[in-house]
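These notes concern the structure reproduced below.
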Amino acid sequence: MNPNRMSSRLQWMKDELNQLKQLSQGRSLTPAVTLAEGWMIRGGRRMLNLASNNYLGLHQPLDAGLLEKFIQQAAMFDSDVKLGSTASRLINGNDPIYAQFEQKFAKYKGTESCLVFSNGYMANTGIISSLVGRNDLVFSDRLNHASIVDGITLSRAENIRYRHRDMNHLETLLRKADPVKKKLIVTDTIFSMDGSIAPLQSIVELKNKYGALLMVDEAHSGGVYGEHGEGLSHSLGLTHDVDVHMGTFSKAYGCYGAYAAGDSPVVEYLINKARSFIYTTALPPVIIQAVWHNWMKVREGHWRRNDLRERVVLLREGLKRSGFNVGESESQIVPLIIGDNDRTVLFCDYLQQHGIAAVAVRPPTVPDGEARVRFTLMATHLVEDLERALDLIDQAGKKFDII
Ligand SMILES: *Cc1c(COP(=O)(O)O)cnc(C)c1O
């Protein structure tokens, strides 16, 4: 093929990519290897990892002992450890380990039933597009995760966005809505870009008053909130007020996969309707074994949750003392709001050059003018490493005129 023709055919892509780079909105992939105590090597440089979702420090190397344990466990299920799956769970991929895990996990969540999905993105798109359709209404917090937004788009329901955590706004919108239409309220429990917490109690009151279904996404609260890490709604005593609980095994659980939990008819409905469950190959059973293994550590990980909470206070209060704007953060996700895209990227680059990995979050992930650096904490971070990081962030803040 003539290379010139090729390049002209793709010119529009190159133009768009250049445009993104000029707006400091380009994205690229950098090799990264995780190390102990919240460190990593990224792009060849050793850095303190303040950009991980591995909140409890459970993402760990698979050693020979663990592998041996998985092999023995599989034998108990009359199976052996295989590296893949053979088909969708509805065809012949429903290894017995699934039912056992789902039953026990539902009990832990305090629900009747539970269904494992391949990952959180697929859980959200599958659940939302099953529960609502063309003539229905979804009320969604403006800062909900992208996978929720995509689920609503896929469902073809009307996407009615309310201002972040603004219950007056949500009520106004519910009151204005056609009373006969099916309504779903959906919210993150901990918001991934600003670390704030959803006002679940008030949302439950509104859901009851206006006859809506309620779905919560516990991606960032699972493992972290609740006495045994059951999640935020469980810790608030609201388990039975939520119709669909969704969460992931990819963050505090340090593994991979996701679930939907609720009353039995909800799960049966999802098995029949959720296309991202039906038309995909089952998660390999060995992944369920790994999730199960980490789940036990989550349940018993009181010290991990305590250590995490201490580190959250240390970082957040330290940043506030320096004069940074950490927005409404109340959790292990701590944003440092800068506003301008370029300055945010420069600030983040500076931190990386000095051995701190954090994420520059820019529009469209956050609203225009609210670009930020996003820090996330781990239970396994060393206090002295965080204190050193605070000094460096303070220095960077002065250098870039942010404080
Ligand atoms: C990470 C995340 C997801 C997606 O989960 P994956 O398992 O990574 O696909 C969904 N919702 C929220 C709020 C998340 O933060």
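Labeling convention for the structure tokens: chains A, B, ... as they appear, residues from 1 per chain, ligands from 1 in order of appearance.
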Taking only C-alpha atoms and all ligand atoms into account, list the residues no farther than 6 Å from ligand 1, as a PyMOL selection string. chain A and resi 119-121+145+147+188+192+217+219-220+248+250+257-258
Residues near range 166-176 of chain A, anyone? I mean within 8 Å using only C-alpha atoms, not counting same-chain ones fewer than 3 positions away, as a ChimeraX atom specification. /A:139,160,162-163,202-203,206,210
Among range 76-325 of chain A, which ones does DSSP place in strand (DSSP E), written as a PyMOL selection string? chain A and resi 113-117+137-141+158-162+183-188+213-217+244-248+258-262
Output file for the residues above (N, CA, C and O atoms, as a tab-separated table (two decimals), in the first residue's frame):
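Final output, saved to out_18.tsv:
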chain	number	residue	atom	x	y	z
A	113	SER	N	-29.19	-12.58	47.07
A	113	SER	CA	-28.57	-13.19	45.91
A	113	SER	C	-27.46	-12.31	45.35
A	113	SER	O	-27.37	-11.12	45.70
A	114	CYS	N	-26.63	-12.90	44.51
A	114	CYS	CA	-25.48	-12.16	43.99
A	114	CYS	C	-25.07	-12.78	42.66
A	114	CYS	O	-25.28	-13.98	42.43
A	115	LEU	N	-24.54	-11.96	41.77
A	115	LEU	CA	-24.11	-12.44	40.45
A	115	LEU	C	-22.76	-11.81	40.10
A	115	LEU	O	-22.61	-10.59	40.16
A	116	VAL	N	-21.81	-12.66	39.72
A	116	VAL	CA	-20.48	-12.15	39.35
A	116	VAL	C	-20.48	-11.71	37.88
A	116	VAL	O	-21.03	-12.39	37.02
A	117	PHE	N	-19.91	-10.56	37.64
A	117	PHE	CA	-19.68	-10.06	36.28
A	117	PHE	C	-18.17	-10.05	36.01
A	117	PHE	O	-17.37	-10.11	36.94
A	137	LEU	N	-36.61	6.62	32.90
A	137	LEU	CA	-35.81	7.77	33.33
A	137	LEU	C	-34.71	7.31	34.29
A	137	LEU	O	-34.97	6.54	35.22
A	138	VAL	N	-33.49	7.81	34.08
A	138	VAL	CA	-32.41	7.54	35.03
A	138	VAL	C	-31.94	8.85	35.63
A	138	VAL	O	-31.64	9.80	34.91
A	139	PHE	N	-31.92	8.90	36.94
A	139	PHE	CA	-31.43	10.08	37.67
A	139	PHE	C	-30.02	9.76	38.13
A	139	PHE	O	-29.83	8.81	38.90
A	140	SER	N	-29.06	10.54	37.66
A	140	SER	CA	-27.67	10.16	37.84
A	140	SER	C	-26.85	11.36	38.32
A	140	SER	O	-26.94	12.45	37.74
A	141	ASP	N	-26.07	11.15	39.38
A	141	ASP	CA	-25.20	12.22	39.88
A	141	ASP	C	-24.25	12.64	38.76
A	141	ASP	O	-23.69	11.80	38.06
A	158	GLU	N	-33.78	8.06	29.29
A	158	GLU	CA	-33.40	9.47	29.37
A	158	GLU	C	-32.45	9.66	30.56
A	158	GLU	O	-32.73	9.22	31.67
A	159	ASN	N	-31.31	10.32	30.28
A	159	ASN	CA	-30.30	10.53	31.31
A	159	ASN	C	-30.53	11.89	31.97
A	159	ASN	O	-30.29	12.93	31.38
A	160	ILE	N	-31.05	11.87	33.19
A	160	ILE	CA	-31.35	13.12	33.90
A	160	ILE	C	-30.28	13.31	34.98
A	160	ILE	O	-30.26	12.58	35.97
A	161	ARG	N	-29.36	14.23	34.72
A	161	ARG	CA	-28.23	14.38	35.64
A	161	ARG	C	-28.54	15.41	36.71
A	161	ARG	O	-29.01	16.51	36.41
A	162	TYR	N	-28.29	15.07	37.97
A	162	TYR	CA	-28.46	16.07	39.03
A	162	TYR	C	-27.10	16.55	39.49
A	162	TYR	O	-26.10	15.84	39.38
A	183	LYS	N	-38.50	4.74	37.06
A	183	LYS	CA	-37.38	5.62	37.44
A	183	LYS	C	-36.29	4.82	38.14
A	183	LYS	O	-36.57	3.99	38.99
A	184	LEU	N	-35.05	5.15	37.79
A	184	LEU	CA	-33.90	4.54	38.45
A	184	LEU	C	-32.99	5.67	38.92
A	184	LEU	O	-32.65	6.56	38.14
A	185	ILE	N	-32.63	5.64	40.21
A	185	ILE	CA	-31.60	6.57	40.71
A	185	ILE	C	-30.32	5.77	40.82
A	185	ILE	O	-30.32	4.66	41.36
A	186	VAL	N	-29.23	6.31	40.30
A	186	VAL	CA	-27.96	5.58	40.37
A	186	VAL	C	-26.86	6.52	40.87
A	186	VAL	O	-26.80	7.68	40.48
A	187	THR	N	-26.06	5.99	41.79
A	187	THR	CA	-24.99	6.83	42.34
A	187	THR	C	-23.75	6.01	42.71
A	187	THR	O	-23.88	4.85	43.14
A	188	ASP	N	-22.59	6.61	42.54
A	188	ASP	CA	-21.38	6.08	43.16
A	188	ASP	C	-21.57	6.26	44.67
A	188	ASP	O	-22.25	7.21	45.09
A	213	LEU	N	-36.35	3.03	41.69
A	213	LEU	CA	-35.39	1.99	42.07
A	213	LEU	C	-34.07	2.69	42.41
A	213	LEU	O	-33.78	3.77	41.88
A	214	LEU	N	-33.27	2.06	43.27
A	214	LEU	CA	-31.97	2.64	43.61
A	214	LEU	C	-30.85	1.64	43.36
A	214	LEU	O	-30.90	0.49	43.81
A	215	MET	N	-29.85	2.10	42.62
A	215	MET	CA	-28.65	1.29	42.38
A	215	MET	C	-27.44	2.06	42.89
A	215	MET	O	-27.30	3.25	42.65
A	216	VAL	N	-26.55	1.37	43.65
A	216	VAL	CA	-25.32	2.02	44.11
A	216	VAL	C	-24.10	1.29	43.56
A	216	VAL	O	-24.12	0.07	43.39
A	217	ASP	N	-23.06	2.06	43.29
A	217	ASP	CA	-21.80	1.52	42.79
A	217	ASP	C	-20.78	1.66	43.93
A	217	ASP	O	-20.39	2.77	44.28
A	244	VAL	N	-30.25	-2.49	43.89
A	244	VAL	CA	-29.13	-3.18	43.24
A	244	VAL	C	-27.81	-2.66	43.79
A	244	VAL	O	-27.51	-1.47	43.69
A	245	HIS	N	-27.07	-3.57	44.40
A	245	HIS	CA	-25.72	-3.24	44.88
A	245	HIS	C	-24.75	-3.69	43.80
A	245	HIS	O	-24.77	-4.86	43.39
A	246	MET	N	-23.89	-2.78	43.37
A	246	MET	CA	-22.86	-3.18	42.43
A	246	MET	C	-21.51	-2.84	43.06
A	246	MET	O	-21.38	-1.85	43.79
A	247	GLY	N	-20.53	-3.69	42.85
A	247	GLY	CA	-19.20	-3.40	43.37
A	247	GLY	C	-18.16	-4.16	42.57
A	247	GLY	O	-18.51	-5.00	41.73
A	248	THR	N	-16.90	-3.87	42.83
A	248	THR	CA	-15.84	-4.52	42.05
A	248	THR	C	-14.86	-5.26	42.96
A	248	THR	O	-14.76	-4.97	44.15
A	258	ALA	N	-16.36	-8.25	39.21
A	258	ALA	CA	-17.36	-7.38	39.83
A	258	ALA	C	-18.60	-8.20	40.16
A	258	ALA	O	-18.70	-9.37	39.78
A	259	TYR	N	-19.52	-7.58	40.89
A	259	TYR	CA	-20.75	-8.30	41.25
A	259	TYR	C	-21.94	-7.36	41.21
A	259	TYR	O	-21.79	-6.14	41.31
A	260	ALA	N	-23.12	-7.98	41.10
A	260	ALA	CA	-24.38	-7.29	41.38
A	260	ALA	C	-25.03	-8.11	42.48
A	260	ALA	O	-25.02	-9.34	42.42
A	261	ALA	N	-25.58	-7.44	43.51
A	261	ALA	CA	-26.25	-8.16	44.59
A	261	ALA	C	-27.58	-7.49	44.89
A	261	ALA	O	-27.73	-6.27	44.70
A	262	GLY	N	-28.55	-8.30	45.33
A	262	GLY	CA	-29.87	-7.76	45.65
A	262	GLY	C	-30.83	-8.91	45.91
A	262	GLY	O	-30.40	-10.05	46.16
Would you return as an NGL selection string the members of range 133-271 of chain A that DSSP assigns to helix (DSSP H, G or I) on this structure's backbone? :A and (146-155 or 167-176 or 200-210 or 232-235 or 239-241 or 264-271)
Any chance you could export the current selection's C-alpha atoms as a JSON list (two decimals), in the first residue's frame?
[["chain", "number", "residue", "atom", "x", "y", "z"],
["A", 146, "ALA", "CA", -18.01, 6.76, 33.11],
["A", 147, "SER", "CA", -19.25, 3.15, 33.11],
["A", 148, "ILE", "CA", -22.54, 4.34, 34.64],
["A", 149, "VAL", "CA", -22.85, 7.04, 32.00],
["A", 150, "ASP", "CA", -22.17, 4.47, 29.26],
["A", 151, "GLY", "CA", -24.72, 2.10, 30.78],
["A", 152, "ILE", "CA", -27.37, 4.82, 30.60],
["A", 153, "THR", "CA", -26.46, 5.63, 27.00],
["A", 154, "LEU", "CA", -26.68, 1.96, 26.07],
["A", 155, "SER", "CA", -30.09, 1.63, 27.77],
["A", 167, "MET", "CA", -30.62, 16.52, 46.99],
["A", 168, "ASN", "CA", -32.77, 19.60, 46.37],
["A", 169, "HIS", "CA", -31.91, 19.36, 42.71],
["A", 170, "LEU", "CA", -32.61, 15.61, 42.64],
["A", 171, "GLU", "CA", -35.99, 16.15, 44.29],
["A", 172, "THR", "CA", -36.92, 18.95, 41.88],
["A", 173, "LEU", "CA", -36.14, 16.68, 38.95],
["A", 174, "LEU", "CA", -38.05, 13.75, 40.44],
["A", 175, "ARG", "CA", -41.07, 15.95, 41.14],
["A", 176, "LYS", "CA", -41.10, 17.24, 37.56],
["A", 200, "LEU", "CA", -27.27, 7.72, 50.75],
["A", 201, "GLN", "CA", -29.76, 8.26, 53.56],
["A", 202, "SER", "CA", -31.35, 11.22, 51.76],
["A", 203, "ILE", "CA", -31.30, 9.41, 48.43],
["A", 204, "VAL", "CA", -33.16, 6.51, 50.03],
["A", 205, "GLU", "CA", -35.83, 8.91, 51.35],
["A", 206, "LEU", "CA", -36.30, 10.38, 47.87],
["A", 207, "LYS", "CA", -36.35, 6.99, 46.20],
["A", 208, "ASN", "CA", -39.14, 5.89, 48.56],
["A", 209, "LYS", "CA", -41.09, 9.12, 48.17],
["A", 210, "TYR", "CA", -41.03, 9.02, 44.35],
["A", 232, "LEU", "CA", -20.96, 1.94, 52.52],
["A", 233, "SER", "CA", -24.66, 1.08, 52.27],
["A", 234, "HIS", "CA", -24.15, -1.88, 54.61],
["A", 235, "SER", "CA", -22.27, 0.29, 57.11],
["A", 239, "THR", "CA", -28.71, -2.69, 52.63],
["A", 240, "HIS", "CA", -32.43, -3.36, 52.16],
["A", 241, "ASP", "CA", -33.17, 0.14, 50.88],
["A", 264, "SER", "CA", -33.37, -12.94, 44.07],
["A", 265, "PRO", "CA", -35.68, -11.60, 41.33],
["A", 266, "VAL", "CA", -33.13, -8.87, 40.56],
["A", 267, "VAL", "CA", -30.36, -11.42, 40.05],
["A", 268, "GLU", "CA", -32.60, -13.75, 38.06],
["A", 269, "TYR", "CA", -33.61, -10.80, 35.90],
["A", 270, "LEU", "CA", -29.97, -9.89, 35.24],
["A", 271, "ILE", "CA", -29.13, -13.49, 34.29]]
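The spacing separating CA of Leu315 in chain A from CA of Ile402 in chain A amounts to 17.2 Å.
The coordinates place CA of Gly355 in chain A at 6.3 Å from CA of Arg46 in chain A.
Within 12 Å of Asn92 in chain A, once only C-alpha atoms are used and residues closer than 3 positions along the same chain are dropped, the contacting residues are Ser85, Thr86, Ala87, Ser88, Arg89, Asp95, Pro96, Ile278, Thr280, Thr281 and Ala282 of chain A.
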Pull the closest atom pair for each residue of range 351-399 of chain A that gets at most 12 Å from range 15-33 of chain A, along with the distance in Å to one decimal, counting only C-alpha atoms, ordering rows by chain and then ascending residue number, as a tab-separated table.
residue	atom	partner	partner_atom	distance
A:Ala357	CA	A:Ala32	CA	10.6
A:Val359	CA	A:Arg27	CA	11.3
A:Ala360	CA	A:Gln25	CA	9.5
A:Val361	CA	A:Gln25	CA	9.0
A:Arg362	CA	A:Gln25	CA	6.7
A:Pro363	CA	A:Gln25	CA	7.6
A:Pro364	CA	A:Gln25	CA	8.8
A:Thr365	CA	A:Gln25	CA	10.2
A:Val366	CA	A:Gln25	CA	11.8
A:Asp368	CA	A:Leu23	CA	11.7
A:Ala371	CA	A:Gln25	CA	10.4
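Between Arg309 in chain A and the residues A:Leu392, A:Tyr225, A:Asp340, A:Val242, the shortest atom-to-atom distance, using only C-alpha atoms, involves A:Tyr225.
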Set the distance at 12 Å and use only C-alpha atoms: which residues neighbour Tyr55 in chain A once local chain neighbours fewer than 5 positions away are removed? I'd like the list as a PDB file with C-alpha atoms, in the first residue's frame.
ATOM      1  CA  GLU A  37       4.904  -0.580  50.628  1.00  0.00           C
ATOM      2  CA  GLY A  38       3.153   1.419  47.962  1.00  0.00           C
ATOM      3  CA  ASN A  49       2.540   5.259  44.155  1.00  0.00           C
ATOM      4  CA  LEU A  50      -0.192   7.751  45.057  1.00  0.00           C
ATOM      5  CA  ALA A 219     -16.310   0.285  43.548  1.00  0.00           C
ATOM      6  CA  HIS A 220     -14.364   2.566  45.915  1.00  0.00           C
ATOM      7  CA  SER A 221     -16.164   1.771  49.184  1.00  0.00           C
ATOM      8  CA  GLY A 222     -16.129  -2.037  49.011  1.00  0.00           C
ATOM      9  CA  GLY A 223     -13.478  -3.388  51.376  1.00  0.00           C
ATOM     10  CA  VAL A 224     -12.918   0.065  52.873  1.00  0.00           C
ATOM     11  CA  TYR A 225     -16.267   0.822  54.606  1.00  0.00           C
ATOM     12  CA  GLY A 229     -15.504  -4.164  54.406  1.00  0.00           C
ATOM     13  CA  PHE A 249     -13.061  -6.889  43.073  1.00  0.00           C
ATOM     14  CA  SER A 250     -10.511  -4.737  41.287  1.00  0.00           C
ATOM     15  CA  LYS A 251      -9.888  -1.974  43.827  1.00  0.00           C
ATOM     16  CA  ALA A 252      -9.588  -2.640  47.577  1.00  0.00           C
ATOM     17  CA  TYR A 253      -9.904  -6.375  46.781  1.00  0.00           C
ATOM     18  CA  GLY A 254      -6.720  -6.134  44.723  1.00  0.00           C
ATOM     19  CA  CYS A 255      -7.995  -8.629  42.160  1.00  0.00           C
ATOM     20  CA  VAL A 298     -10.667  -7.956  53.310  1.00  0.00           C
ATOM     21  CA  GLY A 301      -8.395  -6.658  57.493  1.00  0.00           C
ATOM     22  CA  ARG A 304      -5.668  -2.431  57.058  1.00  0.00           C
ATOM     23  CA  ARG A 305      -8.803  -0.256  57.249  1.00  0.00           C
ATOM     24  CA  ASN A 306      -7.461   1.504  60.345  1.00  0.00           C
ATOM     25  CA  ASP A 307      -4.048   2.141  58.790  1.00  0.00           C
ATOM     26  CA  LEU A 308      -5.723   3.450  55.650  1.00  0.00           C
ATOM     27  CA  ARG A 309      -7.896   5.859  57.668  1.00  0.00           C
ATOM     28  CA  ARG A 311      -2.983   7.799  56.271  1.00  0.00           C
ATOM     29  CA  VAL A 312      -5.999   9.534  54.757  1.00  0.00           C
ATOM     30  CA  SER A 331     -12.140   9.292  51.785  1.00  0.00           C
ATOM     31  CA  GLN A 332      -8.957   7.656  50.546  1.00  0.00           C
ATOM     32  CA  ILE A 333      -9.301   9.596  47.291  1.00  0.00           C
ATOM     33  CA  PHE A 375      -3.983  11.175  45.071  1.00  0.00           C
ATOM     34  CA  THR A 376      -5.089   7.805  46.389  1.00  0.00           C
ATOM     35  CA  LEU A 377      -3.800   6.169  49.550  1.00  0.00           C
ATOM     36  CA  MET A 378      -2.939   2.638  50.550  1.00  0.00           C
ATOM     37  CA  ALA A 379      -2.957   0.980  53.975  1.00  0.00           C
ATOM     38  CA  THR A 380       0.601  -0.145  53.288  1.00  0.00           C
ATOM     39  CA  HIS A 381       2.118   3.285  52.616  1.00  0.00           C
TER      40      HIS A 381
END
